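**Q** What follows is final_15.tsv, TSV, C-alpha atoms and all ligand atoms.
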```tsv
chain	number	residue	atom	x	y	z
A	23	MET	CA	-30.57	103.96	-15.53
A	24	ASN	CA	-32.36	100.97	-17.04
A	25	LEU	CA	-34.23	99.30	-14.17
A	26	PHE	CA	-34.65	96.11	-16.22
A	27	ASP	CA	-30.94	95.71	-16.80
A	28	GLN	CA	-29.92	93.16	-14.18
A	29	LYS	CA	-26.57	92.39	-15.73
A	30	LYS	CA	-23.30	93.29	-14.11
A	31	HIS	CA	-21.01	95.48	-16.17
A	32	MET	CA	-17.34	94.86	-16.70
A	33	LEU	CA	-15.16	97.54	-18.22
A	34	VAL	CA	-11.85	96.31	-19.61
A	35	LEU	CA	-9.14	98.87	-20.18
A	36	PHE	CA	-6.69	97.21	-22.57
A	37	CYS	CA	-3.36	99.03	-22.55
A	38	SER	CA	-1.15	97.02	-24.91
A	39	PRO	CA	-0.40	98.11	-28.48
A	40	ASN	CA	-0.22	94.43	-29.44
A	41	PRO	CA	-3.63	92.85	-30.13
A	42	HIS	CA	-2.22	89.31	-29.87
A	43	GLY	CA	0.60	89.77	-27.37
A	44	SER	CA	1.21	88.62	-23.80
A	45	THR	CA	-1.27	91.05	-22.29
A	46	ARG	CA	-4.09	89.78	-24.51
A	47	ARG	CA	-3.25	86.19	-23.57
A	48	LEU	CA	-3.37	87.00	-19.87
A	49	LEU	CA	-6.64	88.89	-20.33
A	50	ASP	CA	-8.07	85.93	-22.29
A	51	SER	CA	-7.30	83.65	-19.32
A	52	PHE	CA	-9.26	85.96	-17.04
A	53	MET	CA	-12.15	86.36	-19.50
A	54	GLU	CA	-12.43	82.61	-20.07
A	55	GLU	CA	-14.30	82.27	-16.77
A	56	PHE	CA	-16.88	84.87	-17.85
A	57	LYS	CA	-17.58	83.48	-21.30
A	58	ASP	CA	-20.75	81.54	-20.41
A	59	ARG	CA	-21.99	84.04	-17.87
A	60	VAL	CA	-25.07	85.70	-19.28
A	61	ASP	CA	-25.34	87.82	-16.14
A	62	TRP	CA	-22.24	89.80	-17.15
A	63	ARG	CA	-21.82	92.31	-19.95
A	64	THR	CA	-18.37	93.45	-21.07
A	65	ALA	CA	-17.21	96.63	-22.73
A	66	GLU	CA	-13.59	96.97	-23.77
A	67	VAL	CA	-11.68	100.17	-24.30
A	68	ASN	CA	-8.32	100.17	-26.06
A	69	ALA	CA	-6.10	102.82	-24.49
A	70	TYR	CA	-4.06	103.22	-27.69
A	71	GLU	CA	-7.17	103.76	-29.82
A	72	LEU	CA	-8.68	106.07	-27.23
A	73	ASN	CA	-5.45	108.07	-27.33
A	74	ALA	CA	-6.47	110.37	-24.46
A	75	HIS	CA	-5.27	113.95	-24.59
A	76	PRO	CA	-2.68	114.47	-21.85
A	77	CYS	CA	-3.82	116.43	-18.80
A	78	THR	CA	-2.56	119.99	-19.20
A	79	GLY	CA	-3.05	120.95	-15.56
A	80	CYS	CA	-5.45	123.76	-16.54
A	81	ARG	CA	-7.46	123.20	-13.33
A	82	ALA	CA	-10.79	123.74	-15.10
A	83	CYS	CA	-11.99	120.64	-13.21
A	84	ALA	CA	-11.26	122.45	-9.92
A	85	LYS	CA	-13.92	125.04	-10.86
A	86	LYS	CA	-16.53	122.87	-12.57
A	87	GLU	CA	-17.15	119.14	-12.55
A	88	LYS	CA	-15.88	118.44	-16.06
A	89	CYS	CA	-12.74	118.25	-18.14
A	90	THR	CA	-11.57	120.77	-20.74
A	91	TYR	CA	-11.20	117.86	-23.18
A	92	ASP	CA	-14.23	115.78	-24.11
A	93	ASP	CA	-12.38	112.76	-25.52
A	94	LEU	CA	-12.90	110.74	-22.31
A	95	ASP	CA	-16.59	111.59	-21.83
A	96	LYS	CA	-17.75	108.21	-23.16
A	97	PHE	CA	-15.14	106.40	-21.08
A	98	ASP	CA	-16.29	108.37	-18.02
A	99	LYS	CA	-19.87	107.19	-18.62
A	100	GLU	CA	-18.78	103.55	-18.96
A	101	LEU	CA	-16.65	103.86	-15.85
A	102	ARG	CA	-19.47	105.28	-13.77
A	103	LYS	CA	-21.80	102.44	-14.64
A	104	CYS	CA	-19.39	99.49	-14.39
A	105	ASP	CA	-19.30	97.04	-11.48
A	106	LEU	CA	-15.83	95.78	-12.30
A	107	LEU	CA	-12.87	97.53	-13.88
A	108	VAL	CA	-10.15	95.36	-15.43
A	109	VAL	CA	-6.86	97.04	-16.28
A	110	ALA	CA	-4.77	94.82	-18.57
A	111	SER	CA	-1.39	96.29	-19.33
A	112	PRO	CA	2.23	95.60	-20.17
A	113	VAL	CA	4.94	97.31	-18.13
A	114	TYR	CA	6.82	100.07	-19.94
A	115	ASN	CA	9.76	101.58	-18.09
A	116	ASP	CA	8.54	100.25	-14.74
A	117	SER	CA	5.13	101.85	-15.24
A	118	PHE	CA	2.15	101.95	-17.60
A	119	PRO	CA	2.53	102.68	-21.34
A	120	SER	CA	1.97	106.38	-22.02
A	121	PRO	CA	-1.65	106.12	-23.33
A	122	MET	CA	-2.66	104.58	-20.00
A	123	LYS	CA	-0.61	107.12	-18.06
A	124	ALA	CA	-2.53	109.85	-19.91
A	125	ILE	CA	-5.83	108.27	-18.82
A	126	LEU	CA	-4.55	108.06	-15.23
A	127	ASP	CA	-3.52	111.73	-15.25
A	128	ARG	CA	-6.95	112.65	-16.57
A	129	THR	CA	-8.54	111.11	-13.44
A	130	GLN	CA	-7.45	114.39	-11.83
A	131	ARG	CA	-11.01	115.57	-12.51
A	132	TYR	CA	-12.25	113.18	-9.78
A	133	PHE	CA	-9.53	114.36	-7.38
A	134	GLU	CA	-10.52	118.00	-7.93
A	135	ALA	CA	-14.22	117.13	-7.66
A	136	ARG	CA	-13.46	115.60	-4.26
A	137	PHE	CA	-11.06	118.17	-2.84
A	138	SER	CA	-11.71	121.46	-4.68
A	139	LEU	CA	-15.43	121.11	-5.31
A	140	GLY	CA	-16.04	119.24	-2.06
A	141	LEU	CA	-18.04	116.35	-3.50
A	142	ARG	CA	-17.91	113.53	-1.00
A	143	GLN	CA	-18.26	110.85	-3.67
A	144	PRO	CA	-17.36	112.10	-7.20
A	145	ILE	CA	-18.39	108.69	-8.57
A	146	LYS	CA	-21.54	107.40	-6.88
A	147	LYS	CA	-21.33	103.71	-7.58
A	148	HIS	CA	-18.63	101.50	-6.10
A	149	ARG	CA	-16.66	98.97	-8.12
A	150	ASP	CA	-13.85	96.51	-7.63
A	151	ALA	CA	-10.88	96.54	-9.94
A	152	VAL	CA	-8.23	94.04	-10.96
A	153	LEU	CA	-4.86	94.57	-12.58
A	154	LEU	CA	-3.53	92.09	-15.14
A	155	LEU	CA	0.10	92.95	-15.76
A	156	THR	CA	2.74	91.56	-18.11
A	157	MET	CA	6.42	92.39	-18.08
A	158	GLY	CA	9.57	91.28	-19.81
A	159	ARG	CA	11.75	90.90	-16.73
A	160	GLU	CA	11.16	89.25	-13.37
A	161	GLU	CA	10.97	92.12	-10.88
A	162	ASP	CA	8.64	93.21	-8.09
A	163	PHE	CA	9.06	96.95	-8.59
A	164	PRO	CA	6.76	97.46	-11.63
A	165	LEU	CA	3.83	95.87	-9.80
A	166	GLU	CA	4.50	98.10	-6.78
A	167	VAL	CA	4.53	101.18	-9.03
A	168	THR	CA	1.48	100.37	-11.14
A	169	ALA	CA	-0.63	99.10	-8.22
A	170	HIS	CA	0.29	102.22	-6.25
A	171	GLN	CA	-0.61	104.50	-9.16
A	172	LEU	CA	-3.98	102.81	-9.54
A	173	GLN	CA	-4.72	102.87	-5.80
A	174	ARG	CA	-3.95	106.60	-5.68
A	175	ALA	CA	-6.32	107.38	-8.54
A	176	PHE	CA	-8.97	104.93	-7.34
A	177	SER	CA	-9.07	106.54	-3.87
A	178	VAL	CA	-11.30	109.30	-5.29
A	179	MET	CA	-13.10	107.08	-7.78
A	180	ASN	CA	-15.03	104.81	-5.43
A	181	THR	CA	-12.95	101.97	-6.81
A	182	THR	CA	-11.05	99.27	-4.92
A	183	LEU	CA	-8.14	97.35	-6.37
A	184	THR	CA	-8.91	93.86	-5.10
A	185	GLY	CA	-6.41	91.71	-6.97
A	186	CYS	CA	-3.53	91.45	-9.41
A	187	ALA	CA	-2.24	88.74	-11.73
A	188	VAL	CA	1.24	89.19	-13.14
A	189	TRP	CA	2.86	87.39	-16.04
A	190	ASP	CA	6.51	88.28	-15.68
A	191	GLY	CA	9.58	87.20	-17.62
A	192	THR	CA	7.75	87.37	-20.96
A	193	ASP	CA	10.95	88.46	-22.69
A	194	LEU	CA	13.19	85.86	-21.07
A	195	GLY	CA	12.55	83.08	-23.56
A	196	ARG	CA	10.64	80.72	-21.27
A	197	ARG	CA	7.28	82.45	-21.63
A	198	ASN	CA	5.45	80.25	-19.16
A	199	LEU	CA	1.95	81.65	-18.86
A	200	GLY	CA	0.89	78.85	-16.46
A	201	PRO	CA	1.11	80.46	-12.97
A	202	ALA	CA	-0.20	83.85	-14.16
A	203	GLN	CA	-3.04	82.13	-15.99
A	204	GLN	CA	-4.02	80.26	-12.83
A	205	LYS	CA	-3.93	83.49	-10.83
A	206	ALA	CA	-6.05	85.31	-13.43
A	207	ARG	CA	-8.63	82.51	-13.40
A	208	ALA	CA	-8.66	82.41	-9.60
A	209	LEU	CA	-9.30	86.17	-9.53
A	210	ALA	CA	-12.18	85.77	-11.97
A	211	LEU	CA	-13.72	82.91	-9.96
A	212	GLU	CA	-13.45	84.97	-6.78
A	213	ILE	CA	-15.36	87.81	-8.46
A	214	LEU	CA	-18.00	85.42	-9.81
A	215	LYS	CA	-18.60	84.06	-6.29
A	216	GLU	CA	-19.79	87.49	-5.15
A	217	PRO	CA	-23.58	87.89	-4.98
B	301	LIG	C1	8.88	100.56	-24.55
B	301	LIG	C2	8.95	99.29	-23.71
B	301	LIG	C3	9.35	99.40	-22.40
B	301	LIG	C4	9.40	98.25	-21.59
B	301	LIG	N1	9.79	98.38	-20.29
B	301	LIG	C5	9.83	97.28	-19.50
B	301	LIG	C6	10.20	97.39	-18.14
B	301	LIG	O1	10.49	98.47	-17.61
B	301	LIG	N2	10.25	96.26	-17.38
B	301	LIG	C7	9.94	95.03	-17.91
B	301	LIG	O2	9.99	94.03	-17.18
B	301	LIG	N3	9.56	94.90	-19.21
B	301	LIG	C8	9.50	95.98	-20.01
B	301	LIG	N4	9.09	95.86	-21.32
B	301	LIG	C9	8.66	94.54	-21.83
B	301	LIG	C10	7.14	94.38	-21.86
B	301	LIG	O3	6.56	94.73	-20.63
B	301	LIG	C11	6.77	92.92	-22.16
B	301	LIG	O4	7.37	92.51	-23.35
B	301	LIG	C12	5.28	92.71	-22.21
B	301	LIG	O5	4.99	91.34	-22.00
B	301	LIG	C13	4.70	93.14	-23.56
B	301	LIG	O6	3.31	92.89	-23.60
B	301	LIG	P1	2.52	92.78	-25.00
B	301	LIG	O7	2.93	91.48	-25.63
B	301	LIG	O8	1.08	92.83	-24.66
B	301	LIG	O9	2.96	93.94	-25.82
B	301	LIG	C14	9.05	96.99	-22.14
B	301	LIG	C15	8.66	96.90	-23.49
B	301	LIG	C16	8.62	98.03	-24.27
B	301	LIG	C17	8.18	97.92	-25.72
```
Show me this structure written as structure tokens.

**A**
Amino acid sequence: MNLFDQKKHMLVLFCSPNPHGSTRRLLDSFMEEFKDRVDWRTAEVNAYELNAHPCTGCRACAKKEKCTYDDLDKFDKELRKCDLLVVASPVYNDSFPSPMKAILDRTQRYFEARFSLGLRQPIKKHRDAVLLLTMGREEDFPLEVTAHQLQRAFSVMNTTLTGCAVWDGTDLGRRNLGPAQQKARALALEILKEP
């Protein structure tokens, strides 16, 4: 750990295949509040580029605190050091797109570290997390599903989902970012108020 690094770390997990789509616009609204904040440093991971190997249920992580596949080692390092995790994702079939679902399944290593290896806190440092979600229709169910999936995984990752901003109805022609943008900004301001 660098003792001189006083900055807070944000890790953005961007889960849309579209670099300039709805999800990026919602994320931009959130990030706008951080743009002049020199006390924050941001790293962004693109779930599609990361292309995590699916969990194969080999249970190696139940015997040793590691994963059979090393493709998420760098992500694991970033995750462990971040103070804030931002998951920005579109809804696909009421859930996350498959690259993000693969990452979620791979968090099994923390579950096994907690319950098979008996580590009380598989990830030492605590962080808050926010979910920025876009979806074509106007429904409550996808937020229930995705927030539940995150909360499940986060329960062994020392991570607390503290807020969500949803831009729904993106495929309905109206495409009114306004309310979701306000919510995303409000979430960011709330985080920035914290000491
Ligand atoms: C494969 C696929 C599945 C989708 N499934 C849903 C869905 O279940 N519910 C929904 O409301 N929108 C669904 N959508 C619409 C996207 O969530 C929506 O268009 C989103 O805003 C796209 O974000 P992007 O512009 O960042 O790609 C789906 C889109 C695709 C391509």

**Q** Counting all atoms listed in the file, name the residues that have an atom within 9 Å of an atom of ligand LIG 301 (chain B); the answer should be given as a ChimeraX atom specification.

**A** /A:37-48,110-119,155-161,163-164,189-193

**Q** Calculated over only C-alpha atoms, which of the candidates A:Leu165, A:Leu94, A:Ala206, A:Val60 has the smallest distance to Pro76 (chain A)?

**A**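 Using only C-alpha atoms, the shortest distance to Pro76 (chain A) belongs to A:Leu94.
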
**Q** State, in Å with one decimal place, the distance from CA of Asp105 (chain A) to CA of Phe176 (chain A).

**A**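 CA of Phe176 (chain A) lies at a distance of 13.6 Å from CA of Asp105 (chain A).
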
**Q** What is the CA of Asp150 (chain A)-CA of Cys186 (chain A) distance in Å, reported with one decimal?

**A** 11.6 Å

**Q** Measuring between all atoms listed in the file, which one of A:Asp61, A:Arg81, A:Leu35, A:Asp50 shows the shortest distance to Pro121 (chain A)?

**A**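 For Pro121 (chain A), the nearest of the given residues is A:Leu35.
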
**Q** With only C-alpha atoms as the atoms that count, which of A:Gln204, A:Ser138, A:Gln28, A:Ser177 lies nearest to Lys85 (chain A)?

**A**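 Closest to Lys85 (chain A), using only C-alpha atoms: A:Ser138.
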
**Q** Quick one: distance from CA of Phe137 (chain A) to CA of His170 (chain A) in Å, one decimal?

**A** 19.9 Å

**Q** Kindly extract all protein, DNA and RNA residues lying within 10 Å of the coordinates (0.2, 81.2, -13.6) given in the file, considering only C-alpha atoms, and supply them as a count of residues only.

**A** 17

**Q** Ranking A:Glu71, A:Leu33, A:Trp62, A:Gly140 by minimum distance to Asp98 (chain A) and counting only C-alpha atoms, which one comes first?

**A**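 The closest residue to Asp98 (chain A) is A:Leu33.
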
**Q** Given all atoms listed in the file as the basis, pick out the residue of A:Ile125, A:Leu214, A:Leu106, A:Val167 nearest to Asn180 (chain A).

**A**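 The closest residue to Asn180 (chain A) is A:Leu106.
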
**Q** Identify, on the basis of all atoms listed in the file, every residue whose closest approach to Ala84 (chain A) does not exceed 10 Å; exclude the query and any residue fewer than 3 positions from it along the same chain; express the result as a list in words.

**A**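 Once the adjacent positions are removed, what remains is Cys80, Arg81, Glu87, Lys88, Cys89, Gln130, Arg131, Tyr132, Phe133, Glu134, Ala135, Arg136, Phe137, Ser138, Leu139 and Gly140 of chain A.
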
**Q** Can you work out which one of A:Leu172, A:Met122, A:Ile145, A:Leu211 has the shortest atom-to-atom distance to Phe52 (chain A), counting only C-alpha atoms?

**A**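 Nearest candidate to Phe52 (chain A) out of A:Leu172, A:Met122, A:Ile145, A:Leu211: A:Leu211.
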
**Q** Would you pick out the contacts of Thr64 (chain A) at 12 Å or less, using only C-alpha atoms, so that residues sharing its chain but fewer than 5 positions from it are not included, and give the list as a PyMOL selection string?

**A** chain A and resi 29-35+53+56-57+59+100-101+103-108

**Q** Which residues are close to His75 (chain A), i.e. within 12 Å by all atoms listed in the file, leaving aside same-chain residues fewer than 2 positions away? Reply as a VMD selection string.

**A** chain A and resid 69 to 73 77 to 79 89 to 95 120 to 129

**Q** In the coordinate frame of the file, compute which residues have an atom within 9 Å of (-6.8, 95.6, -5.0) when using all atoms listed in the file, and state them as number ranges by chain.

**A** A: 150-153, 169, 172-173, 182-186

**Q** Kindly reconstruct region 202-213 of chain A with all heavy atoms and present the result as a CSV table (one decimal), keeping the file's coordinate frame.

**A**
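Contents of rebuild20.csv, as written:
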```csv
chain,number,residue,atom,x,y,z
A,202,ALA,N,0.6,82.6,-14.0
A,202,ALA,CA,-0.2,83.8,-14.2
A,202,ALA,C,-1.6,83.5,-14.6
A,202,ALA,O,-2.6,84.2,-14.2
A,202,ALA,CB,0.5,84.8,-15.2
A,203,GLN,N,-1.7,82.5,-15.5
A,203,GLN,CA,-3.0,82.1,-16.0
A,203,GLN,C,-3.9,81.6,-14.8
A,203,GLN,O,-5.1,82.0,-14.7
A,203,GLN,CB,-2.8,81.0,-17.0
A,203,GLN,CG,-4.1,80.6,-17.7
A,203,GLN,CD,-3.8,79.6,-18.8
A,203,GLN,OE1,-3.0,78.7,-18.6
A,203,GLN,NE2,-4.3,79.9,-20.0
A,204,GLN,N,-3.3,80.8,-14.0
A,204,GLN,CA,-4.0,80.3,-12.8
A,204,GLN,C,-4.5,81.4,-11.9
A,204,GLN,O,-5.6,81.4,-11.4
A,204,GLN,CB,-3.1,79.3,-12.0
A,204,GLN,CG,-3.1,77.9,-12.6
A,204,GLN,CD,-2.1,77.0,-11.9
A,204,GLN,OE1,-1.7,77.3,-10.8
A,204,GLN,NE2,-1.8,75.9,-12.5
A,205,LYS,N,-3.6,82.4,-11.7
A,205,LYS,CA,-3.9,83.5,-10.8
A,205,LYS,C,-5.1,84.3,-11.4
A,205,LYS,O,-6.0,84.7,-10.7
A,205,LYS,CB,-2.7,84.4,-10.6
A,205,LYS,CG,-2.9,85.5,-9.7
A,205,LYS,CD,-3.0,85.1,-8.3
A,205,LYS,CE,-3.6,86.2,-7.4
A,205,LYS,NZ,-2.8,87.2,-7.0
A,206,ALA,N,-5.0,84.5,-12.7
A,206,ALA,CA,-6.0,85.3,-13.4
A,206,ALA,C,-7.4,84.6,-13.3
A,206,ALA,O,-8.4,85.2,-13.0
A,206,ALA,CB,-5.7,85.5,-14.9
A,207,ARG,N,-7.4,83.3,-13.5
A,207,ARG,CA,-8.6,82.5,-13.4
A,207,ARG,C,-9.2,82.5,-12.0
A,207,ARG,O,-10.4,82.6,-11.8
A,207,ARG,CB,-8.4,81.1,-13.8
A,207,ARG,CG,-8.3,80.9,-15.3
A,207,ARG,CD,-8.1,79.5,-15.7
A,207,ARG,NE,-8.1,79.4,-17.2
A,207,ARG,CZ,-7.7,78.4,-17.9
A,207,ARG,NH1,-7.1,77.4,-17.2
A,207,ARG,NH2,-7.7,78.4,-19.2
A,208,ALA,N,-8.2,82.4,-11.0
A,208,ALA,CA,-8.7,82.4,-9.6
A,208,ALA,C,-9.3,83.8,-9.2
A,208,ALA,O,-10.3,83.8,-8.5
A,208,ALA,CB,-7.5,82.1,-8.7
A,209,LEU,N,-8.7,84.8,-9.8
A,209,LEU,CA,-9.3,86.2,-9.5
A,209,LEU,C,-10.7,86.3,-10.1
A,209,LEU,O,-11.6,86.8,-9.4
A,209,LEU,CB,-8.5,87.2,-10.2
A,209,LEU,CG,-7.2,87.7,-9.6
A,209,LEU,CD1,-6.5,88.8,-10.5
A,209,LEU,CD2,-7.5,88.4,-8.2
A,210,ALA,N,-10.9,85.7,-11.3
A,210,ALA,CA,-12.2,85.8,-12.0
A,210,ALA,C,-13.2,85.0,-11.2
A,210,ALA,O,-14.3,85.4,-10.9
A,210,ALA,CB,-12.1,85.2,-13.4
A,211,LEU,N,-12.8,83.8,-10.7
A,211,LEU,CA,-13.7,82.9,-10.0
A,211,LEU,C,-14.1,83.6,-8.6
A,211,LEU,O,-15.3,83.5,-8.2
A,211,LEU,CB,-13.1,81.5,-9.7
A,211,LEU,CG,-12.9,80.7,-10.9
A,211,LEU,CD1,-12.1,79.4,-10.6
A,211,LEU,CD2,-14.3,80.3,-11.5
A,212,GLU,N,-13.2,84.2,-8.0
A,212,GLU,CA,-13.4,85.0,-6.8
A,212,GLU,C,-14.5,86.0,-7.0
A,212,GLU,O,-15.5,86.2,-6.2
A,212,GLU,CB,-12.1,85.6,-6.3
A,212,GLU,CG,-12.0,85.9,-4.9
A,212,GLU,CD,-12.2,84.7,-4.0
A,212,GLU,OE1,-11.7,83.6,-4.2
A,212,GLU,OE2,-13.0,85.0,-3.0
A,213,ILE,N,-14.4,86.8,-8.1
A,213,ILE,CA,-15.4,87.8,-8.5
A,213,ILE,C,-16.7,87.2,-8.7
A,213,ILE,O,-17.8,87.7,-8.3
A,213,ILE,CB,-14.9,88.6,-9.7
A,213,ILE,CG1,-13.7,89.5,-9.3
A,213,ILE,CG2,-16.0,89.5,-10.2
A,213,ILE,CD1,-12.8,89.9,-10.4
```
